[in-house]
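Participant: My structure is below; once you've seen it, I'll send some questions.
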Amino acid sequence: MQERIVILGALGQLGSLIKNIAPANIELHAFDVSEFDISNLAQHQSLYQELAPTTIINTAGYTQVDKAESEQEDAFAVNAEGPANIAKACSESCRIIHISTDFIFDGEKQAPYMPSDLASPLSVYGASKLAGEEKLQTIRPDSSIIRTAWLYSAQGKNFMNMMLNLMAELEELAIVNDQIGTPTSAHTLAEVVWRFVANRELKGIYHWTDQGAASWYDFAVEIKQQALAIGLLEKDISLRAISTQEYPTPAQRPKYSVLDKSDTYKAIQFQGKSWQEELNTVLRERLPIE
Ligand SMILES: NC(=O)c1ccc[n+]([C@@H]2O[C@H](COP(=O)([O-])OP(=O)(O)OC[C@H]3O[C@@H](n4cnc5c(N)ncnc54)[C@H](OP(=O)(O)O)[C@@H]3O)[C@@H](O)[C@H]2O)c1
């Protein structure tokens, strides 16, 4: 079958990487927010009528976690109605692959979260993403939902790039040490998404992150050490571990949101690498080309 694929959110961190590594033998149509608004049902209906896609990959999202606390309606329009609109408008034979988040969990569990564990979001962002999952599963239970966490890439707005900029400027940085998750390369997740595209049997909820676990402080320490070692950072900086209480934010985040990926490993025959190894690959992408 000739795949005709639509990517939504194509200028976002993950969407742009998925687009960049698309296999040559597919027909690809990628749309960013300026061309296509996922909260608008009529736009979905006319696009899918025109293109008759075989697969829709939805990476579009309202991703500003703190801002969502005061923009609940906007967050739900994009993160809940967006995926629902895809499911309502596309044909029954069209595959839907949707990206969700670890922030649907409350972080009270002491062991990695299974896809079947109870979701209980602490934030508006988490609640809006959970509503998106639920609507998708109600209308199209055969959708593939990939939950991920702590995404970063060589380009784009993310923790790694923010740390590199701050570390170059400041003498000291304080970083939260009591939220545990898994830093995840968006580059590798993009490869994982194409593995999902290749296997139409993968339906339901799956988890994907890089391997291991870390606090934001651990992540910052590793960024600093690796960036110094490869010459991306020129001076050392003092990093101080602080608690969430010392760094209050509008949105509450889970204290622990490591995801269990064993089902995904079996399904796609791929396990990725430790988050530290993945970080090294992504940091090297930031080095100037010789
Ligand atoms: N980043 C993370 O740490 C993380 C963790 C777990 C899960 N996820 C999920 O992974 C997915 C991809 O995340 P990402 O890091 O690539 O986020 P991103 O860089 O913010 O990309 C999302 C894209 O969606 C666009 N968008 C916003 N509203 C839209 C609308 N109404 N219609 C169409 N497009 C719209 C955004 O445009 P603007 O930039 O102009 O708003 C942006 O280009 C999202 O579903 C996110 O919830 C992300």
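Ordering of the structure tokens sets the chain letters (A, B, ...), residue numbers begin anew at 1 in every chain, and ligands are numbered from 1 in the order given.
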Ligand 1: which residues are within 9 Å, counting only C-alpha atoms and all ligand atoms? Reply as a ChimeraX atom specification.

Facilitator: /A:8-17,31-40,58-64,74-75,77-79,82,98-103,125-126,129,146-153,156-159,183-184,186

Participant: List as a tab-separated table (two decimals) with N, CA, C and O atoms, in the first residue's frame the protein and nucleic acid residues near Trp194 of chain A, meaning an atom at most 10 Å away when only C-alpha atoms are counted, but skip any in the same chain fewer than 5 places from it.

Facilitator:
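Full text of part_11.tsv as output:
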```
chain	number	residue	atom	x	y	z
A	18	ILE	N	10.25	14.32	12.87
A	18	ILE	CA	9.55	13.21	12.19
A	18	ILE	C	9.56	13.48	10.68
A	18	ILE	O	9.83	12.61	9.87
A	19	LYS	N	9.27	14.73	10.34
A	19	LYS	CA	9.23	15.11	8.92
A	19	LYS	C	10.61	14.94	8.27
A	19	LYS	O	10.74	14.40	7.18
A	21	ILE	N	13.05	12.95	8.85
A	21	ILE	CA	13.58	11.60	8.60
A	21	ILE	C	12.54	10.70	7.92
A	21	ILE	O	12.63	9.47	8.00
A	22	ALA	N	11.58	11.31	7.25
A	22	ALA	CA	10.53	10.52	6.59
A	22	ALA	C	11.15	9.62	5.51
A	22	ALA	O	12.03	10.06	4.77
A	23	PRO	N	10.71	8.37	5.42
A	23	PRO	CA	11.21	7.49	4.36
A	23	PRO	C	10.86	8.05	2.98
A	23	PRO	O	9.86	8.76	2.83
A	57	ILE	N	-0.34	11.58	11.74
A	57	ILE	CA	0.52	11.63	12.92
A	57	ILE	C	0.29	12.98	13.59
A	57	ILE	O	0.57	14.03	13.00
A	189	LEU	N	12.72	9.53	19.47
A	189	LEU	CA	11.27	9.34	19.43
A	189	LEU	C	10.75	9.45	17.99
A	189	LEU	O	9.84	8.71	17.60
A	199	ASN	N	4.00	-0.46	11.40
A	199	ASN	CA	3.25	-1.62	11.92
A	199	ASN	C	1.83	-1.20	12.31
A	199	ASN	O	1.59	-0.69	13.40
```

Participant: Using only C-alpha atoms, which residues sit within 12 Å of Ser116 of chain A once same-chain residues fewer than 4 positions away are excluded, as an MDAnalysis selection string?

Facilitator: chainID A and resid 104:105 112 147 204:207 259:261 263

Participant: Can I get the selection written as a short mmCIF file (atom, residue, chain, number, x, y, z; two decimals), in the first residue's frame, with all heavy atoms?

Facilitator:
```cif
data_model
loop_
_atom_site.label_atom_id
_atom_site.label_comp_id
_atom_site.auth_asym_id
_atom_site.auth_seq_id
_atom_site.Cartn_x
_atom_site.Cartn_y
_atom_site.Cartn_z
N ILE A 104 -0.06 12.98 32.62
CA ILE A 104 -1.41 12.50 32.94
C ILE A 104 -1.40 11.72 34.27
O ILE A 104 -2.44 11.40 34.81
CB ILE A 104 -1.99 11.61 31.81
CG1 ILE A 104 -1.04 10.43 31.54
CG2 ILE A 104 -2.24 12.39 30.53
CD1 ILE A 104 -1.69 9.14 31.71
N PHE A 105 -0.18 11.42 34.78
CA PHE A 105 -0.06 10.71 36.06
C PHE A 105 0.18 11.70 37.20
O PHE A 105 0.72 12.78 36.98
CB PHE A 105 1.08 9.70 36.00
CG PHE A 105 0.83 8.56 35.05
CD1 PHE A 105 1.68 8.35 33.96
CD2 PHE A 105 -0.24 7.71 35.22
CE1 PHE A 105 1.44 7.31 33.07
CE2 PHE A 105 -0.49 6.66 34.33
CZ PHE A 105 0.36 6.46 33.26
N PRO A 112 7.94 2.45 37.89
CA PRO A 112 7.55 2.95 36.56
C PRO A 112 6.07 2.71 36.24
O PRO A 112 5.52 1.64 36.51
CB PRO A 112 8.47 2.18 35.62
CG PRO A 112 9.70 1.94 36.44
CD PRO A 112 9.20 1.67 37.84
N ARG A 147 2.71 7.78 24.75
CA ARG A 147 3.01 8.74 25.83
C ARG A 147 4.53 8.87 25.97
O ARG A 147 5.23 7.86 26.00
CB ARG A 147 2.45 8.26 27.16
CG ARG A 147 0.95 8.25 27.23
CD ARG A 147 0.53 7.91 28.66
NE ARG A 147 -0.90 7.71 28.78
CZ ARG A 147 -1.46 6.71 29.45
NH1 ARG A 147 -0.70 5.81 30.06
NH2 ARG A 147 -2.77 6.62 29.53
N GLY A 204 -3.71 1.15 20.63
CA GLY A 204 -3.82 1.34 22.08
C GLY A 204 -2.72 2.26 22.59
O GLY A 204 -2.11 3.02 21.83
N ILE A 205 -2.47 2.17 23.92
CA ILE A 205 -1.54 3.12 24.55
C ILE A 205 -0.18 2.46 24.76
O ILE A 205 -0.08 1.35 25.29
CB ILE A 205 -2.12 3.58 25.91
CG1 ILE A 205 -3.45 4.32 25.68
CG2 ILE A 205 -1.12 4.50 26.63
CD1 ILE A 205 -4.12 4.79 26.95
N TYR A 206 0.86 3.18 24.34
CA TYR A 206 2.24 2.73 24.52
C TYR A 206 3.04 3.83 25.21
O TYR A 206 2.68 5.01 25.11
CB TYR A 206 2.87 2.41 23.15
CG TYR A 206 2.28 1.20 22.50
CD1 TYR A 206 1.14 1.29 21.70
CD2 TYR A 206 2.85 -0.06 22.70
CE1 TYR A 206 0.57 0.17 21.12
CE2 TYR A 206 2.29 -1.19 22.11
CZ TYR A 206 1.16 -1.07 21.33
OH TYR A 206 0.60 -2.18 20.76
N HIS A 207 4.12 3.44 25.87
CA HIS A 207 5.02 4.40 26.51
C HIS A 207 6.37 4.42 25.80
O HIS A 207 6.89 3.35 25.42
CB HIS A 207 5.25 4.02 27.98
CG HIS A 207 4.07 4.30 28.86
ND1 HIS A 207 3.98 3.87 30.16
CD2 HIS A 207 2.92 4.99 28.61
CE1 HIS A 207 2.85 4.29 30.69
NE2 HIS A 207 2.17 4.95 29.76
N LEU A 259 8.25 6.04 33.02
CA LEU A 259 7.27 5.21 32.31
C LEU A 259 7.83 3.80 32.06
O LEU A 259 9.00 3.66 31.69
CB LEU A 259 6.91 5.87 30.96
CG LEU A 259 6.32 7.28 31.05
CD1 LEU A 259 6.06 7.84 29.64
CD2 LEU A 259 5.03 7.30 31.86
N ASP A 260 6.98 2.80 32.22
CA ASP A 260 7.36 1.42 31.89
C ASP A 260 7.20 1.22 30.39
O ASP A 260 6.11 1.44 29.84
CB ASP A 260 6.47 0.43 32.65
CG ASP A 260 6.91 -1.01 32.42
OD1 ASP A 260 6.76 -1.50 31.28
OD2 ASP A 260 7.40 -1.64 33.37
N LYS A 261 8.29 0.79 29.73
CA LYS A 261 8.27 0.69 28.25
C LYS A 261 8.30 -0.75 27.76
O LYS A 261 8.52 -0.99 26.57
CB LYS A 261 9.50 1.41 27.68
CG LYS A 261 9.36 2.90 27.54
CD LYS A 261 10.04 3.73 28.55
CE LYS A 261 11.37 3.40 29.06
NZ LYS A 261 11.67 4.08 30.34
N ASP A 263 6.19 -3.11 27.08
CA ASP A 263 5.28 -3.48 25.97
C ASP A 263 5.78 -2.88 24.65
O ASP A 263 5.71 -3.52 23.60
CB ASP A 263 3.87 -2.93 26.22
CG ASP A 263 3.18 -3.65 27.36
OD1 ASP A 263 3.72 -4.67 27.83
OD2 ASP A 263 2.10 -3.19 27.78
#
```

Participant: For Ser120 of chain A, which residue among A:Thr264, A:Ser257, A:Ser274, A:Gln155 is the nearest when counting only C-alpha atoms?

Facilitator: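 Among the listed residues, the smallest separation from Ser120 of chain A belongs to A:Ser257.
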
Participant: Out of segment 11-203 of chain A, which residues get strand (DSSP E or B) from DSSP, as a ChimeraX atom specification?

Facilitator: /A:27-31,55-58,95-101,113,144-148,151-152,172-176,180-181,184-185

Participant: How would you write, as a ChimeraX atom specification, the set of residues in segment 52-270 of chain A that DSSP gives as helix (DSSP H, G or I)?

Facilitator: /A:67-69,72-89,102-104,124-139,159-169,186-198,216-230,244-246,262-268

Participant: Mind writing the picked residues with C-alpha atoms as a PDB file, in the first residue's frame?

Facilitator:
```pdb
ATOM      1  CA  LYS A  67       0.498  29.037  30.907  1.00  0.00           C
ATOM      2  CA  ALA A  68      -2.214  26.386  30.519  1.00  0.00           C
ATOM      3  CA  GLU A  69      -3.231  26.978  34.152  1.00  0.00           C
ATOM      4  CA  GLN A  72      -7.653  26.276  30.243  1.00  0.00           C
ATOM      5  CA  GLU A  73     -10.021  26.775  27.299  1.00  0.00           C
ATOM      6  CA  ASP A  74      -7.172  27.093  24.786  1.00  0.00           C
ATOM      7  CA  ALA A  75      -5.349  24.065  26.212  1.00  0.00           C
ATOM      8  CA  PHE A  76      -8.492  21.884  25.969  1.00  0.00           C
ATOM      9  CA  ALA A  77      -9.365  23.193  22.481  1.00  0.00           C
ATOM     10  CA  VAL A  78      -5.991  22.008  21.163  1.00  0.00           C
ATOM     11  CA  ASN A  79      -5.130  19.005  23.363  1.00  0.00           C
ATOM     12  CA  ALA A  80      -8.611  17.512  23.830  1.00  0.00           C
ATOM     13  CA  GLU A  81     -10.740  18.687  20.860  1.00  0.00           C
ATOM     14  CA  GLY A  82      -7.752  18.493  18.457  1.00  0.00           C
ATOM     15  CA  PRO A  83      -7.356  14.699  18.584  1.00  0.00           C
ATOM     16  CA  ALA A  84     -11.156  14.262  18.820  1.00  0.00           C
ATOM     17  CA  ASN A  85     -11.511  16.220  15.565  1.00  0.00           C
ATOM     18  CA  ILE A  86      -9.014  13.954  13.812  1.00  0.00           C
ATOM     19  CA  ALA A  87     -10.995  10.899  14.907  1.00  0.00           C
ATOM     20  CA  LYS A  88     -14.337  12.433  13.854  1.00  0.00           C
ATOM     21  CA  ALA A  89     -13.154  13.609  10.440  1.00  0.00           C
ATOM     22  CA  ASP A 102       3.645  11.431  31.441  1.00  0.00           C
ATOM     23  CA  PHE A 103       1.881  14.442  33.030  1.00  0.00           C
ATOM     24  CA  ILE A 104      -1.413  12.498  32.937  1.00  0.00           C
ATOM     25  CA  VAL A 124      -4.583  21.711  33.340  1.00  0.00           C
ATOM     26  CA  TYR A 125      -2.074  20.617  30.685  1.00  0.00           C
ATOM     27  CA  GLY A 126      -2.141  17.027  31.991  1.00  0.00           C
ATOM     28  CA  ALA A 127      -5.953  17.045  32.216  1.00  0.00           C
ATOM     29  CA  SER A 128      -6.286  18.392  28.664  1.00  0.00           C
ATOM     30  CA  LYS A 129      -3.910  15.726  27.292  1.00  0.00           C
ATOM     31  CA  LEU A 130      -5.804  12.989  29.180  1.00  0.00           C
ATOM     32  CA  ALA A 131      -9.099  14.280  27.763  1.00  0.00           C
ATOM     33  CA  GLY A 132      -7.523  14.037  24.281  1.00  0.00           C
ATOM     34  CA  GLU A 133      -6.523  10.406  24.886  1.00  0.00           C
ATOM     35  CA  GLU A 134     -10.000   9.540  26.184  1.00  0.00           C
ATOM     36  CA  LYS A 135     -11.850  11.179  23.292  1.00  0.00           C
ATOM     37  CA  LEU A 136      -9.580   9.476  20.788  1.00  0.00           C
ATOM     38  CA  GLN A 137     -10.067   6.088  22.427  1.00  0.00           C
ATOM     39  CA  THR A 138     -13.834   6.530  22.547  1.00  0.00           C
ATOM     40  CA  ILE A 139     -14.243   7.516  18.900  1.00  0.00           C
ATOM     41  CA  PHE A 159      15.397  22.188  29.006  1.00  0.00           C
ATOM     42  CA  MET A 160      18.743  21.205  27.437  1.00  0.00           C
ATOM     43  CA  ASN A 161      18.956  24.303  25.247  1.00  0.00           C
ATOM     44  CA  MET A 162      17.773  26.548  28.081  1.00  0.00           C
ATOM     45  CA  MET A 163      20.459  25.081  30.393  1.00  0.00           C
ATOM     46  CA  LEU A 164      23.216  25.541  27.790  1.00  0.00           C
ATOM     47  CA  ASN A 165      22.270  29.207  27.378  1.00  0.00           C
ATOM     48  CA  LEU A 166      22.046  29.861  31.128  1.00  0.00           C
ATOM     49  CA  MET A 167      25.264  27.956  31.874  1.00  0.00           C
ATOM     50  CA  ALA A 168      27.167  30.099  29.380  1.00  0.00           C
ATOM     51  CA  GLU A 169      25.918  33.294  31.083  1.00  0.00           C
ATOM     52  CA  ALA A 186      13.003  13.800  20.356  1.00  0.00           C
ATOM     53  CA  HIS A 187      15.334  12.570  17.587  1.00  0.00           C
ATOM     54  CA  THR A 188      14.999   8.970  18.789  1.00  0.00           C
ATOM     55  CA  LEU A 189      11.267   9.336  19.433  1.00  0.00           C
ATOM     56  CA  ALA A 190      10.924  10.463  15.791  1.00  0.00           C
ATOM     57  CA  GLU A 191      12.483   7.127  14.733  1.00  0.00           C
ATOM     58  CA  VAL A 192      10.126   5.304  17.084  1.00  0.00           C
ATOM     59  CA  VAL A 193       7.124   7.028  15.494  1.00  0.00           C
ATOM     60  CA  TRP A 194       8.194   5.748  12.069  1.00  0.00           C
ATOM     61  CA  ARG A 195       8.425   2.227  13.551  1.00  0.00           C
ATOM     62  CA  PHE A 196       4.795   2.661  14.652  1.00  0.00           C
ATOM     63  CA  VAL A 197       3.832   3.841  11.154  1.00  0.00           C
ATOM     64  CA  ALA A 198       5.388   0.665   9.734  1.00  0.00           C
ATOM     65  CA  TRP A 216      16.034  17.874  36.579  1.00  0.00           C
ATOM     66  CA  TYR A 217      19.151  18.511  38.686  1.00  0.00           C
ATOM     67  CA  ASP A 218      20.746  15.212  37.507  1.00  0.00           C
ATOM     68  CA  PHE A 219      19.882  16.171  33.930  1.00  0.00           C
ATOM     69  CA  ALA A 220      21.506  19.614  34.366  1.00  0.00           C
ATOM     70  CA  VAL A 221      24.669  18.110  35.909  1.00  0.00           C
ATOM     71  CA  GLU A 222      24.999  15.677  32.991  1.00  0.00           C
ATOM     72  CA  ILE A 223      24.406  18.446  30.434  1.00  0.00           C
ATOM     73  CA  LYS A 224      27.139  20.522  32.085  1.00  0.00           C
ATOM     74  CA  GLN A 225      29.676  17.696  32.303  1.00  0.00           C
ATOM     75  CA  GLN A 226      29.138  16.457  28.759  1.00  0.00           C
ATOM     76  CA  ALA A 227      29.038  19.982  27.290  1.00  0.00           C
ATOM     77  CA  LEU A 228      32.349  20.826  29.019  1.00  0.00           C
ATOM     78  CA  ALA A 229      33.899  17.548  27.808  1.00  0.00           C
ATOM     79  CA  ILE A 230      33.037  18.151  24.131  1.00  0.00           C
ATOM     80  CA  THR A 244      10.059  22.008  44.164  1.00  0.00           C
ATOM     81  CA  GLN A 245       8.898  24.066  47.160  1.00  0.00           C
ATOM     82  CA  GLU A 246      11.832  26.432  46.601  1.00  0.00           C
ATOM     83  CA  SER A 262       8.363  -3.115  28.245  1.00  0.00           C
ATOM     84  CA  ASP A 263       5.277  -3.479  25.973  1.00  0.00           C
ATOM     85  CA  THR A 264       6.728  -0.992  23.503  1.00  0.00           C
ATOM     86  CA  TYR A 265      10.102  -2.760  23.408  1.00  0.00           C
ATOM     87  CA  LYS A 266       8.349  -6.009  22.450  1.00  0.00           C
ATOM     88  CA  ALA A 267       6.051  -4.278  19.961  1.00  0.00           C
ATOM     89  CA  ILE A 268       8.685  -2.388  17.987  1.00  0.00           C
TER      90      ILE A 268
END
```

Participant: Find the spatial neighbours of Ile242 of chain A, counting only C-alpha atoms, within a cut-off of 7 Å - ignore same-chain residues fewer than 3 positions away - and output them as a VMD selection string.

Facilitator: chain A and resid 174 to 177 246

Participant: Write a file of the selected residues as a short mmCIF file (atom, residue, chain, number, x, y, z; two decimals), in the first residue's frame, keeping all heavy atoms.

Facilitator:
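Result file is out_39.cif:
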```
data_model
loop_
_atom_site.label_atom_id
_atom_site.label_comp_id
_atom_site.auth_asym_id
_atom_site.auth_seq_id
_atom_site.Cartn_x
_atom_site.Cartn_y
_atom_site.Cartn_z
N ALA A 174 20.32 27.16 40.24
CA ALA A 174 19.61 26.27 41.18
C ALA A 174 18.59 25.46 40.40
O ALA A 174 17.80 26.02 39.63
CB ALA A 174 18.92 27.12 42.25
N ILE A 175 18.61 24.14 40.58
CA ILE A 175 17.75 23.25 39.77
C ILE A 175 17.00 22.28 40.69
O ILE A 175 17.58 21.73 41.64
CB ILE A 175 18.59 22.39 38.79
CG1 ILE A 175 19.69 23.20 38.11
CG2 ILE A 175 17.68 21.70 37.77
CD1 ILE A 175 19.25 24.07 36.99
N VAL A 176 15.74 22.04 40.33
CA VAL A 176 14.87 21.17 41.13
C VAL A 176 15.37 19.72 41.13
O VAL A 176 15.67 19.16 40.08
CB VAL A 176 13.42 21.25 40.59
CG1 VAL A 176 12.55 20.19 41.22
CG2 VAL A 176 12.85 22.64 40.84
N ASN A 177 15.44 19.14 42.33
CA ASN A 177 16.02 17.80 42.46
C ASN A 177 15.02 16.77 42.95
O ASN A 177 15.39 15.62 43.19
CB ASN A 177 17.20 17.87 43.45
CG ASN A 177 18.10 16.67 43.35
OD1 ASN A 177 18.21 16.07 42.28
ND2 ASN A 177 18.74 16.29 44.45
N GLU A 246 10.99 25.24 46.76
CA GLU A 246 11.83 26.43 46.60
C GLU A 246 11.70 27.05 45.21
O GLU A 246 12.23 28.11 44.95
CB GLU A 246 13.31 26.07 46.83
CG GLU A 246 13.66 25.73 48.25
CD GLU A 246 15.08 25.20 48.35
OE1 GLU A 246 16.01 26.01 48.51
OE2 GLU A 246 15.24 23.97 48.26
#
```

Participant: Would you mind reading off the distance between atom CA of Thr209 of chain A and atom CA of Leu173 of chain A, one decimal, in Å?

Facilitator: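 Going from atom CA of Thr209 of chain A over to atom CA of Leu173 of chain A, I get 26.1 Å.
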
Participant: Please determine, counting only C-alpha atoms, which residue among A:Asn20, A:Gln49, A:Asn25, A:Ser123 has the shortest atom-to-atom distance to Thr249 of chain A.

Facilitator: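 When distances to Thr249 of chain A are compared using only C-alpha atoms, the smallest one comes from A:Ser123.
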
Participant: One decimal, Å: what's the distance from atom CA of Gln2 of chain A over to atom CA of Leu202 of chain A, could you say?

Facilitator: 18.7 Å

Participant: So, with only C-alpha atoms as the atoms that count, which of A:Ala119, A:Val282, A:Leu28, A:Ala213 lies closest to Ile56 of chain A?

Facilitator: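 The closest residue to Ile56 of chain A is A:Leu28.
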
Participant: When you draw a straight line from atom CA of Ser93 of chain A to atom CA of Ile26 of chain A, how long is it in Å?

Facilitator: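 Answer for the atom CA of Ser93 of chain A to atom CA of Ile26 of chain A separation: 17.1 Å.
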
Participant: Using only C-alpha atoms, pick whichever of A:Glu201, A:Asp66, A:Glu108, A:Glu277 has the shortest atom-to-atom distance to Pro248 of chain A.

Facilitator: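 The closest residue to Pro248 of chain A is A:Asp66.
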